[in-house]
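Content type mmCIF, C-alpha atoms and all ligand atoms, from the file input_1.cif:
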```cif
data_protein
#
loop_
_atom_site.label_atom_id
_atom_site.label_comp_id
_atom_site.auth_asym_id
_atom_site.auth_seq_id
_atom_site.Cartn_x
_atom_site.Cartn_y
_atom_site.Cartn_z
CA MET A 1 -47.11 5.02 -69.61
CA SER A 2 -47.52 1.97 -67.39
CA GLY A 3 -46.38 4.06 -64.39
CA ARG A 4 -49.73 5.85 -64.43
CA VAL A 5 -51.88 2.78 -64.12
CA ILE A 6 -52.77 1.21 -60.78
CA ARG A 7 -51.34 -2.27 -60.61
CA LEU A 8 -52.88 -4.94 -58.43
CA TYR A 9 -50.79 -8.01 -57.69
CA GLY A 10 -52.52 -11.22 -56.72
CA ILE A 11 -52.35 -14.99 -56.74
CA PRO A 12 -55.02 -17.41 -57.98
CA LEU A 13 -58.08 -17.91 -55.75
CA SER A 14 -57.05 -15.22 -53.25
CA HIS A 15 -60.26 -13.99 -51.66
CA PRO A 16 -58.89 -10.63 -50.39
CA VAL A 17 -57.59 -10.00 -53.91
CA LEU A 18 -61.13 -10.55 -55.22
CA GLY A 19 -62.39 -8.11 -52.61
CA VAL A 20 -59.95 -5.44 -53.78
CA ARG A 21 -60.91 -6.08 -57.41
CA GLY A 22 -64.51 -5.46 -56.37
CA MET A 23 -63.50 -2.17 -54.72
CA LEU A 24 -61.68 -1.02 -57.86
CA VAL A 25 -64.75 -1.73 -60.01
CA PHE A 26 -66.99 -0.05 -57.43
CA LYS A 27 -64.82 3.07 -57.60
CA ARG A 28 -64.57 2.83 -61.39
CA LEU A 29 -60.79 2.95 -61.23
CA ALA A 30 -58.83 1.56 -64.17
CA TYR A 31 -56.16 -0.91 -63.13
CA ARG A 32 -53.99 -3.67 -64.41
CA TYR A 33 -54.17 -7.03 -62.68
CA VAL A 34 -50.91 -8.97 -62.47
CA GLU A 35 -51.15 -12.55 -61.31
CA LEU A 36 -48.05 -13.84 -59.55
CA LEU A 37 -47.01 -17.46 -59.41
CA ALA A 38 -48.49 -18.87 -56.20
CA GLY A 39 -45.65 -20.13 -54.07
CA GLY A 40 -43.12 -17.85 -55.75
CA HIS A 41 -45.09 -14.71 -54.93
CA ALA A 42 -43.00 -13.57 -51.93
CA PRO A 43 -39.69 -12.99 -53.79
CA MET A 44 -41.64 -11.50 -56.69
CA LEU A 45 -43.31 -9.02 -54.34
CA TRP A 46 -39.97 -8.08 -52.77
CA ALA A 47 -38.45 -7.61 -56.23
CA LEU A 48 -41.38 -5.31 -57.02
CA GLY A 49 -40.54 -3.16 -54.02
CA PHE A 50 -43.10 -4.43 -51.48
CA ARG A 51 -42.02 -5.17 -47.92
CA GLY A 52 -44.52 -7.86 -47.03
CA ALA A 53 -45.04 -11.28 -48.57
CA THR A 54 -48.79 -11.21 -49.06
CA VAL A 55 -51.31 -10.24 -51.71
CA PRO A 56 -53.33 -8.13 -52.39
CA ALA A 57 -50.46 -5.74 -53.09
CA MET A 58 -51.01 -2.55 -55.02
CA ARG A 59 -48.84 0.01 -56.71
CA LEU A 60 -50.70 3.28 -57.02
CA GLN A 61 -50.39 5.71 -59.95
CA ASP A 62 -47.82 7.79 -58.06
CA GLY A 63 -45.67 4.71 -57.37
CA ARG A 64 -46.66 4.26 -53.72
CA ARG A 65 -46.94 0.64 -52.63
CA VAL A 66 -49.81 -0.49 -50.42
CA GLN A 67 -50.26 -3.98 -49.08
CA GLY A 68 -53.15 -5.61 -47.26
CA SER A 69 -56.85 -5.34 -48.05
CA LEU A 70 -57.59 -2.93 -45.17
CA ALA A 71 -54.80 -0.52 -46.11
CA ILE A 72 -55.76 -0.77 -49.78
CA ALA A 73 -59.39 0.11 -48.98
CA GLN A 74 -58.13 3.23 -47.19
CA ALA A 75 -55.79 4.16 -50.04
CA LEU A 76 -58.55 3.78 -52.63
CA GLU A 77 -60.89 5.83 -50.48
CA HIS A 78 -58.36 8.69 -50.45
CA LEU A 79 -57.66 8.35 -54.13
CA ALA A 80 -61.31 8.34 -55.21
CA PRO A 81 -63.56 9.47 -52.34
CA SER A 82 -66.74 9.03 -54.38
CA PRO A 83 -68.48 6.65 -54.37
CA SER A 84 -67.41 6.04 -50.81
CA LEU A 85 -66.69 2.61 -49.38
CA TYR A 86 -68.01 3.86 -46.03
CA PRO A 87 -71.41 5.29 -45.08
CA ALA A 88 -71.56 9.00 -44.30
CA ARG A 89 -73.47 8.68 -41.01
CA LEU A 90 -71.11 8.19 -38.08
CA ALA A 91 -72.86 5.24 -36.42
CA ALA A 92 -73.25 3.37 -39.71
CA ARG A 93 -69.65 4.13 -40.58
CA ALA A 94 -68.43 2.72 -37.28
CA ALA A 95 -70.49 -0.44 -37.78
CA VAL A 96 -69.04 -0.95 -41.28
CA THR A 97 -65.49 -0.34 -40.05
CA ASP A 98 -65.96 -2.86 -37.20
CA ALA A 99 -67.41 -5.44 -39.59
CA GLU A 100 -64.59 -4.85 -42.05
CA ARG A 101 -61.98 -5.43 -39.32
CA TRP A 102 -63.78 -8.52 -38.08
CA GLY A 103 -63.96 -9.83 -41.63
CA GLU A 104 -60.23 -9.38 -42.09
CA ALA A 105 -59.04 -10.63 -38.72
CA VAL A 106 -61.50 -13.42 -37.91
CA LEU A 107 -63.24 -14.65 -41.07
CA GLN A 108 -60.63 -14.17 -43.81
CA PRO A 109 -58.05 -16.63 -42.37
CA ILE A 110 -60.57 -19.49 -42.23
CA PRO A 111 -61.01 -20.32 -45.95
CA ARG A 112 -57.24 -19.80 -46.34
CA ARG A 113 -56.50 -22.37 -43.65
CA LEU A 114 -59.08 -24.84 -44.99
CA ILE A 115 -57.77 -24.75 -48.55
CA ARG A 116 -54.13 -24.89 -47.52
CA TRP A 117 -54.84 -27.85 -45.25
CA GLY A 118 -56.32 -29.71 -48.25
CA LEU A 119 -53.44 -28.70 -50.52
CA ARG A 120 -50.94 -30.01 -48.00
CA GLN A 121 -52.85 -33.21 -47.42
CA HIS A 122 -53.82 -34.43 -50.90
CA LEU A 123 -51.84 -34.68 -54.12
CA GLY A 124 -55.14 -34.61 -56.03
CA GLN A 125 -55.88 -31.21 -54.51
CA ARG A 126 -52.49 -29.86 -55.58
CA GLN A 127 -53.07 -31.20 -59.09
CA TRP A 128 -56.48 -29.54 -59.15
CA PHE A 129 -54.85 -26.28 -58.01
CA ALA A 130 -52.26 -26.56 -60.79
CA ASP A 131 -54.91 -27.45 -63.37
CA VAL A 132 -57.92 -25.29 -62.56
CA ALA A 133 -56.88 -22.62 -60.12
CA SER A 134 -53.53 -21.48 -61.47
CA PRO A 135 -53.51 -22.87 -64.25
CA LEU A 136 -50.04 -24.31 -64.77
CA PRO A 137 -48.77 -26.40 -67.66
CA ALA A 138 -48.58 -30.19 -67.08
CA PRO A 139 -50.82 -30.03 -63.99
CA ARG A 140 -50.27 -33.63 -62.91
CA LEU A 141 -46.54 -33.01 -62.73
CA ALA A 142 -46.97 -29.45 -61.42
CA GLY A 143 -49.09 -30.88 -58.57
CA VAL A 144 -46.20 -33.17 -57.65
CA LEU A 145 -43.75 -30.26 -57.82
CA LEU A 146 -45.95 -28.31 -55.40
CA THR A 147 -45.58 -31.10 -52.81
CA PRO A 148 -42.57 -29.67 -50.92
CA ILE A 149 -43.98 -26.15 -50.71
CA ALA A 150 -47.56 -27.04 -49.72
CA PRO A 151 -46.59 -27.71 -46.05
CA VAL A 152 -44.70 -24.42 -45.90
CA PHE A 153 -47.77 -22.44 -46.94
CA ALA A 154 -50.00 -24.51 -44.68
CA GLN A 155 -47.71 -23.63 -41.79
CA ILE A 156 -47.61 -19.92 -42.67
CA ALA A 157 -51.41 -19.88 -42.55
CA GLY A 158 -51.54 -21.96 -39.34
CA ALA A 159 -53.40 -24.71 -41.19
CA ASN A 160 -52.71 -27.53 -38.75
CA ASP A 161 -55.19 -30.22 -37.69
CA PRO A 162 -56.32 -28.73 -34.35
CA GLN A 163 -56.75 -25.25 -35.82
CA VAL A 164 -58.70 -26.48 -38.84
CA ARG A 165 -60.96 -28.54 -36.58
CA ARG A 166 -61.57 -25.46 -34.44
CA ASP A 167 -62.29 -23.41 -37.57
CA LEU A 168 -64.86 -25.94 -38.74
CA ASP A 169 -66.48 -26.11 -35.30
CA ARG A 170 -66.79 -22.32 -35.26
CA LEU A 171 -68.01 -21.96 -38.80
CA PRO A 172 -71.79 -22.05 -38.11
CA GLU A 173 -71.37 -19.33 -35.45
CA LEU A 174 -69.34 -17.14 -37.86
CA LEU A 175 -71.89 -17.64 -40.62
CA ASP A 176 -74.61 -16.62 -38.15
CA GLU A 177 -72.63 -13.43 -37.52
CA VAL A 178 -72.49 -12.66 -41.26
CA ASP A 179 -76.25 -13.26 -41.56
CA ARG A 180 -76.77 -10.99 -38.55
CA LEU A 181 -74.73 -8.20 -40.16
CA ILE A 182 -76.90 -8.56 -43.27
CA ALA A 183 -80.11 -8.49 -41.22
CA GLN A 184 -78.88 -5.34 -39.45
CA GLY A 185 -78.14 -3.69 -42.79
CA VAL A 186 -74.43 -3.30 -42.04
CA ILE A 187 -73.61 -5.32 -45.17
CA GLY A 188 -75.69 -6.45 -48.14
CA GLY A 189 -77.40 -3.07 -48.63
CA ASP A 190 -78.29 -1.41 -51.93
CA GLN A 191 -74.82 0.07 -52.11
CA LEU A 192 -71.91 -2.19 -51.28
CA ASN A 193 -69.33 -0.99 -48.75
CA ALA A 194 -65.85 -1.87 -47.49
CA ALA A 195 -67.21 -4.59 -45.18
CA ASP A 196 -69.07 -6.24 -48.07
CA PHE A 197 -65.84 -6.35 -50.07
CA GLN A 198 -64.01 -7.79 -47.09
CA ILE A 199 -66.54 -10.38 -45.92
CA ALA A 200 -68.31 -11.61 -49.07
CA PRO A 201 -65.19 -13.00 -50.85
CA SER A 202 -64.40 -15.17 -47.79
CA ILE A 203 -67.94 -16.53 -47.85
CA ARG A 204 -67.69 -17.05 -51.62
CA MET A 205 -64.59 -19.17 -51.16
CA LEU A 206 -66.24 -21.25 -48.42
CA LEU A 207 -69.28 -21.67 -50.67
CA ALA A 208 -67.01 -22.99 -53.43
CA MET A 209 -65.70 -25.76 -51.16
CA THR A 210 -67.63 -28.87 -52.13
CA ASP A 211 -67.47 -30.39 -48.67
CA ILE A 212 -68.84 -27.40 -46.73
CA ALA A 213 -71.03 -25.58 -49.29
CA ARG A 214 -74.16 -27.11 -47.77
CA LEU A 215 -73.54 -25.19 -44.54
CA ILE A 216 -73.77 -21.91 -46.42
CA THR A 217 -75.90 -22.33 -49.49
CA ASP A 218 -79.32 -21.50 -48.00
CA ARG A 219 -78.11 -18.52 -46.02
CA PRO A 220 -78.42 -14.81 -46.86
CA ALA A 221 -74.60 -14.84 -46.70
CA ALA A 222 -74.52 -17.02 -49.83
CA THR A 223 -76.65 -14.58 -51.82
CA LEU A 224 -74.37 -11.71 -50.83
CA ALA A 225 -71.25 -13.75 -51.64
CA ARG A 226 -72.53 -14.48 -55.16
CA ARG A 227 -73.50 -10.86 -55.65
CA VAL A 228 -70.01 -9.61 -54.81
CA VAL A 229 -68.03 -12.44 -56.44
CA ALA A 230 -70.05 -13.96 -59.29
CA ALA A 231 -67.62 -16.65 -60.39
CA TYR A 232 -65.29 -18.82 -58.36
CA PRO A 233 -63.97 -22.29 -59.27
CA VAL A 234 -65.48 -25.25 -57.46
CA ILE A 235 -62.99 -26.57 -54.90
CA PRO A 236 -62.98 -30.37 -54.63
CA ALA A 237 -63.78 -31.93 -51.26
CA ALA A 238 -60.65 -32.43 -49.13
CA LEU A 239 -61.67 -32.24 -45.48
CA PRO A 240 -62.41 -35.27 -43.27
CA ALA A 241 -66.20 -35.73 -43.25
CA ASP A 242 -66.31 -36.20 -39.48
CA TRP A 243 -64.69 -32.76 -38.90
CA ILE A 244 -67.55 -30.98 -40.65
CA PRO A 245 -70.45 -29.78 -38.51
CA ALA A 246 -73.93 -31.02 -39.38
CA SER A 247 -75.90 -28.74 -41.71
CA PRO A 248 -78.62 -26.69 -40.02
CA SER A 249 -81.37 -28.90 -41.46
CA CYS A 250 -79.77 -31.99 -39.89
CA ALA A 251 -78.91 -30.29 -36.62
CA GLY A 252 -82.58 -30.48 -35.66
CA LYS A 253 -84.50 -27.27 -35.87
N1 LIG A 301 -55.08 -9.99 -44.08
C1 LIG A 301 -54.24 -9.69 -45.19
C2 LIG A 301 -53.67 -11.03 -45.58
C3 LIG A 301 -53.44 -11.34 -46.98
C4 LIG A 301 -52.96 -12.76 -47.19
O1 LIG A 301 -52.57 -13.50 -46.27
N2 LIG A 301 -53.01 -13.13 -48.45
C5 LIG A 301 -52.60 -14.44 -48.84
C6 LIG A 301 -53.37 -14.86 -50.07
S1 LIG A 301 -55.10 -14.98 -49.74
C7 LIG A 301 -51.15 -14.42 -49.16
O2 LIG A 301 -50.66 -13.59 -49.88
N3 LIG A 301 -50.41 -15.33 -48.60
C8 LIG A 301 -49.03 -15.41 -48.88
C9 LIG A 301 -48.32 -16.27 -47.96
O3 LIG A 301 -48.97 -16.91 -47.13
O4 LIG A 301 -47.11 -16.31 -48.11
C10 LIG A 301 -55.05 -8.94 -46.25
O5 LIG A 301 -56.25 -8.78 -46.07
O6 LIG A 301 -54.47 -8.45 -47.20
#
```
Take the structure in the file and write it out as structure tokens.
Amino acid sequence: MSGRVIRLYGIPLSHPVLGVRGMLVFKRLAYRYVELLAGGHAPMLWALGFRGATVPAMRLQDGRRVQGSLAIAQALEHLAPSPSLYPARLAARAAVTDAERWGEAVLQPIPRRLIRWGLRQHLGQRQWFADVASPLPAPRLAGVLLTPIAPVFAQIAGANDPQVRRDLDRLPELLDEVDRLIAQGVIGGDQLNAADFQIAPSIRMLLAMTDIARLITDRPAATLARRVVAAYPVIPAALPADWIPASPSCAGK
């Protein structure tokens, strides 16, 4: 019966949803993926018995609902302890847990704000979202119909001009941190862990953004992102060119 299968609810392009999908594959857990209509996902989640309005949202085999990528990682770890999402050694485990939390709290909101800023700002971006990312029928019209809700979701994510400019200014420093975690072996090891599944999908989404990909493409972070999330649609450029920091090669090494 369907009640016995894990169900994962997501919306198109959601990077934490991709992270959870990676965890489910890693743990070899069978699941059914249900894609909700982006924009209408909150009432759908409530109707499905979830309290919050965000994806990833998961209904476990026993009917329990878990929401949020950190809580889902914990739930999956309890459900299927092996292979573990966390290293056995205490120090390594603490480093992975810290990196996972940093990935969720600091890095994860950035691609969300950047894409929502573009969706609010440009009709072409909304039509692309309707056409490629969703996909919805009649994407040119669907893009127009998304116009009144795009500002709402930009606001929910805090995707306003000053914040997005700050995000872009900080991006090189955050990418350096990801590369540092890889160099230290906290993420990007032979066996992926919870921090890989948290951090790499955010980097993959940033790498898919045509206007900022060049900041990431030559970094170890990009290799890890592609390893964890092989395919991701190319996101058309939408950000003002003068908000984007110079690429490392132009910054004068
Ligand atoms: N940090 C949470 C946040 C999840 C989140 O914000 N997800 C977005 C999609 S990437 C969402 O559902 N947003 C719904 C909304 O803004 O209403 C997690 O890791 O699960």
Please, which residues have at least one atom within 7 Å of an atom of ligand LIG 301 (chain A), using all atoms listed in the file, listed as a PyMOL selection string? chain A and resi 11+14-17+42+53-56+67-70+104-105+108+112+153+156-157
Just-selected residues, C-alpha atoms written as a PDB file, in the coordinates of the input:
```
ATOM      1  CA  ILE A  11     -52.350 -14.990 -56.740  1.00  0.00           C
ATOM      2  CA  SER A  14     -57.050 -15.220 -53.250  1.00  0.00           C
ATOM      3  CA  HIS A  15     -60.260 -13.990 -51.660  1.00  0.00           C
ATOM      4  CA  PRO A  16     -58.890 -10.630 -50.390  1.00  0.00           C
ATOM      5  CA  VAL A  17     -57.590 -10.000 -53.910  1.00  0.00           C
ATOM      6  CA  ALA A  42     -43.000 -13.570 -51.930  1.00  0.00           C
ATOM      7  CA  ALA A  53     -45.040 -11.280 -48.570  1.00  0.00           C
ATOM      8  CA  THR A  54     -48.790 -11.210 -49.060  1.00  0.00           C
ATOM      9  CA  VAL A  55     -51.310 -10.240 -51.710  1.00  0.00           C
ATOM     10  CA  PRO A  56     -53.330  -8.130 -52.390  1.00  0.00           C
ATOM     11  CA  GLN A  67     -50.260  -3.980 -49.080  1.00  0.00           C
ATOM     12  CA  GLY A  68     -53.150  -5.610 -47.260  1.00  0.00           C
ATOM     13  CA  SER A  69     -56.850  -5.340 -48.050  1.00  0.00           C
ATOM     14  CA  LEU A  70     -57.590  -2.930 -45.170  1.00  0.00           C
ATOM     15  CA  GLU A 104     -60.230  -9.380 -42.090  1.00  0.00           C
ATOM     16  CA  ALA A 105     -59.040 -10.630 -38.720  1.00  0.00           C
ATOM     17  CA  GLN A 108     -60.630 -14.170 -43.810  1.00  0.00           C
ATOM     18  CA  ARG A 112     -57.240 -19.800 -46.340  1.00  0.00           C
ATOM     19  CA  PHE A 153     -47.770 -22.440 -46.940  1.00  0.00           C
ATOM     20  CA  ILE A 156     -47.610 -19.920 -42.670  1.00  0.00           C
ATOM     21  CA  ALA A 157     -51.410 -19.880 -42.550  1.00  0.00           C
TER      22      ALA A 157
END
```
Can you tell me which residues surround Leu175 of chain A at a distance of at most 12 Å, considering all atoms listed in the file, apart from same-chain residues fewer than 6 positions away, and format the answer as a PDB file with C-alpha atoms, in the coordinates of the input?
```
ATOM      1  CA  GLY A 103     -63.960  -9.830 -41.630  1.00  0.00           C
ATOM      2  CA  VAL A 106     -61.500 -13.420 -37.910  1.00  0.00           C
ATOM      3  CA  LEU A 107     -63.240 -14.650 -41.070  1.00  0.00           C
ATOM      4  CA  ILE A 110     -60.570 -19.490 -42.230  1.00  0.00           C
ATOM      5  CA  ASP A 167     -62.290 -23.410 -37.570  1.00  0.00           C
ATOM      6  CA  LEU A 168     -64.860 -25.940 -38.740  1.00  0.00           C
ATOM      7  CA  ASP A 169     -66.480 -26.110 -35.300  1.00  0.00           C
ATOM      8  CA  LEU A 181     -74.730  -8.200 -40.160  1.00  0.00           C
ATOM      9  CA  ILE A 182     -76.900  -8.560 -43.270  1.00  0.00           C
ATOM     10  CA  ILE A 199     -66.540 -10.380 -45.920  1.00  0.00           C
ATOM     11  CA  ALA A 200     -68.310 -11.610 -49.070  1.00  0.00           C
ATOM     12  CA  SER A 202     -64.400 -15.170 -47.790  1.00  0.00           C
ATOM     13  CA  ILE A 203     -67.940 -16.530 -47.850  1.00  0.00           C
ATOM     14  CA  ARG A 204     -67.690 -17.050 -51.620  1.00  0.00           C
ATOM     15  CA  LEU A 206     -66.240 -21.250 -48.420  1.00  0.00           C
ATOM     16  CA  LEU A 207     -69.280 -21.670 -50.670  1.00  0.00           C
ATOM     17  CA  ILE A 212     -68.840 -27.400 -46.730  1.00  0.00           C
ATOM     18  CA  ALA A 213     -71.030 -25.580 -49.290  1.00  0.00           C
ATOM     19  CA  LEU A 215     -73.540 -25.190 -44.540  1.00  0.00           C
ATOM     20  CA  ILE A 216     -73.770 -21.910 -46.420  1.00  0.00           C
ATOM     21  CA  THR A 217     -75.900 -22.330 -49.490  1.00  0.00           C
ATOM     22  CA  ASP A 218     -79.320 -21.500 -48.000  1.00  0.00           C
ATOM     23  CA  ARG A 219     -78.110 -18.520 -46.020  1.00  0.00           C
ATOM     24  CA  PRO A 220     -78.420 -14.810 -46.860  1.00  0.00           C
ATOM     25  CA  ALA A 221     -74.600 -14.840 -46.700  1.00  0.00           C
ATOM     26  CA  ALA A 222     -74.520 -17.020 -49.830  1.00  0.00           C
ATOM     27  CA  ALA A 225     -71.250 -13.750 -51.640  1.00  0.00           C
ATOM     28  CA  SER A 247     -75.900 -28.740 -41.710  1.00  0.00           C
ATOM     29  CA  PRO A 248     -78.620 -26.690 -40.020  1.00  0.00           C
TER      30      PRO A 248
END
```
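Among A:Asp196, A:Gln61, A:Leu174, A:Arg165, the residue with the shortest atom-to-atom distance to Ala30 of chain A, counting all atoms listed in the file, is A:Gln61.
Our summary of the geometry notes that atom CA of Gly63 of chain A is positioned 21.4 Å from atom CA of Gly22 of chain A.
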Expressed in Å to a single decimal, how great is the separation between atom CA of Met58 of chain A and atom CA of Arg7 of chain A? 5.6 Å
Spatial sel., origin (-61.0, -34.2, -52.6), limit 12 Å, all atoms listed in the file, listed as number ranges by chain: A: 115, 117-129, 209-212, 234-241
Mind writing the picked residues with C-alpha atoms as a PDB file, keeping the file's coordinate frame?
```pdb
ATOM      1  CA  ILE A 115     -57.770 -24.750 -48.550  1.00  0.00           C
ATOM      2  CA  TRP A 117     -54.840 -27.850 -45.250  1.00  0.00           C
ATOM      3  CA  GLY A 118     -56.320 -29.710 -48.250  1.00  0.00           C
ATOM      4  CA  LEU A 119     -53.440 -28.700 -50.520  1.00  0.00           C
ATOM      5  CA  ARG A 120     -50.940 -30.010 -48.000  1.00  0.00           C
ATOM      6  CA  GLN A 121     -52.850 -33.210 -47.420  1.00  0.00           C
ATOM      7  CA  HIS A 122     -53.820 -34.430 -50.900  1.00  0.00           C
ATOM      8  CA  LEU A 123     -51.840 -34.680 -54.120  1.00  0.00           C
ATOM      9  CA  GLY A 124     -55.140 -34.610 -56.030  1.00  0.00           C
ATOM     10  CA  GLN A 125     -55.880 -31.210 -54.510  1.00  0.00           C
ATOM     11  CA  ARG A 126     -52.490 -29.860 -55.580  1.00  0.00           C
ATOM     12  CA  GLN A 127     -53.070 -31.200 -59.090  1.00  0.00           C
ATOM     13  CA  TRP A 128     -56.480 -29.540 -59.150  1.00  0.00           C
ATOM     14  CA  PHE A 129     -54.850 -26.280 -58.010  1.00  0.00           C
ATOM     15  CA  MET A 209     -65.700 -25.760 -51.160  1.00  0.00           C
ATOM     16  CA  THR A 210     -67.630 -28.870 -52.130  1.00  0.00           C
ATOM     17  CA  ASP A 211     -67.470 -30.390 -48.670  1.00  0.00           C
ATOM     18  CA  ILE A 212     -68.840 -27.400 -46.730  1.00  0.00           C
ATOM     19  CA  VAL A 234     -65.480 -25.250 -57.460  1.00  0.00           C
ATOM     20  CA  ILE A 235     -62.990 -26.570 -54.900  1.00  0.00           C
ATOM     21  CA  PRO A 236     -62.980 -30.370 -54.630  1.00  0.00           C
ATOM     22  CA  ALA A 237     -63.780 -31.930 -51.260  1.00  0.00           C
ATOM     23  CA  ALA A 238     -60.650 -32.430 -49.130  1.00  0.00           C
ATOM     24  CA  LEU A 239     -61.670 -32.240 -45.480  1.00  0.00           C
ATOM     25  CA  PRO A 240     -62.410 -35.270 -43.270  1.00  0.00           C
ATOM     26  CA  ALA A 241     -66.200 -35.730 -43.250  1.00  0.00           C
TER      27      ALA A 241
END
```
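We find atom CA of Lys27 of chain A and atom CA of Asp179 of chain A to be spaced 25.6 Å apart.
A cut-off of 6 Å from the point (-67.8, -18.6, -57.1), with only C-alpha atoms, picks out the residues Arg204, Ala208, Ala230, Ala231, Tyr232 and Pro233 of chain A.
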Test item: axis-aligned box, all listed atoms of segment 98-105 of chain A, 4 Å on each side, centre and edges in Å rounded to one decimal, as JSON:
```
{"center_x": -63.2, "center_y": -6.7, "center_z": -39.6, "size_x": 16.4, "size_y": 15.8, "size_z": 12.9}
```
Contacts of Tyr86 of chain A within 6 Å, all atoms listed in the file, excl. fewer than 2 positions in-chain, as a VMD selection string: chain A and resid 84 93 193
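Proximity ranking of A:Ala57, A:Val186, A:Ala95, A:Leu79 relative to Leu18 of chain A places A:Ala57 first, based on only C-alpha atoms.
Closest approach to Arg166 of chain A among A:Ile244, A:Ala154, A:Leu192, A:Leu136 is made by A:Ile244 (distances from all atoms listed in the file).
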For Gln74 of chain A: contacts at 10 Å, all atoms listed in the file, fewer than 6 positions along chain excluded, given as number ranges by chain: A: 66, 81, 85-86, 194
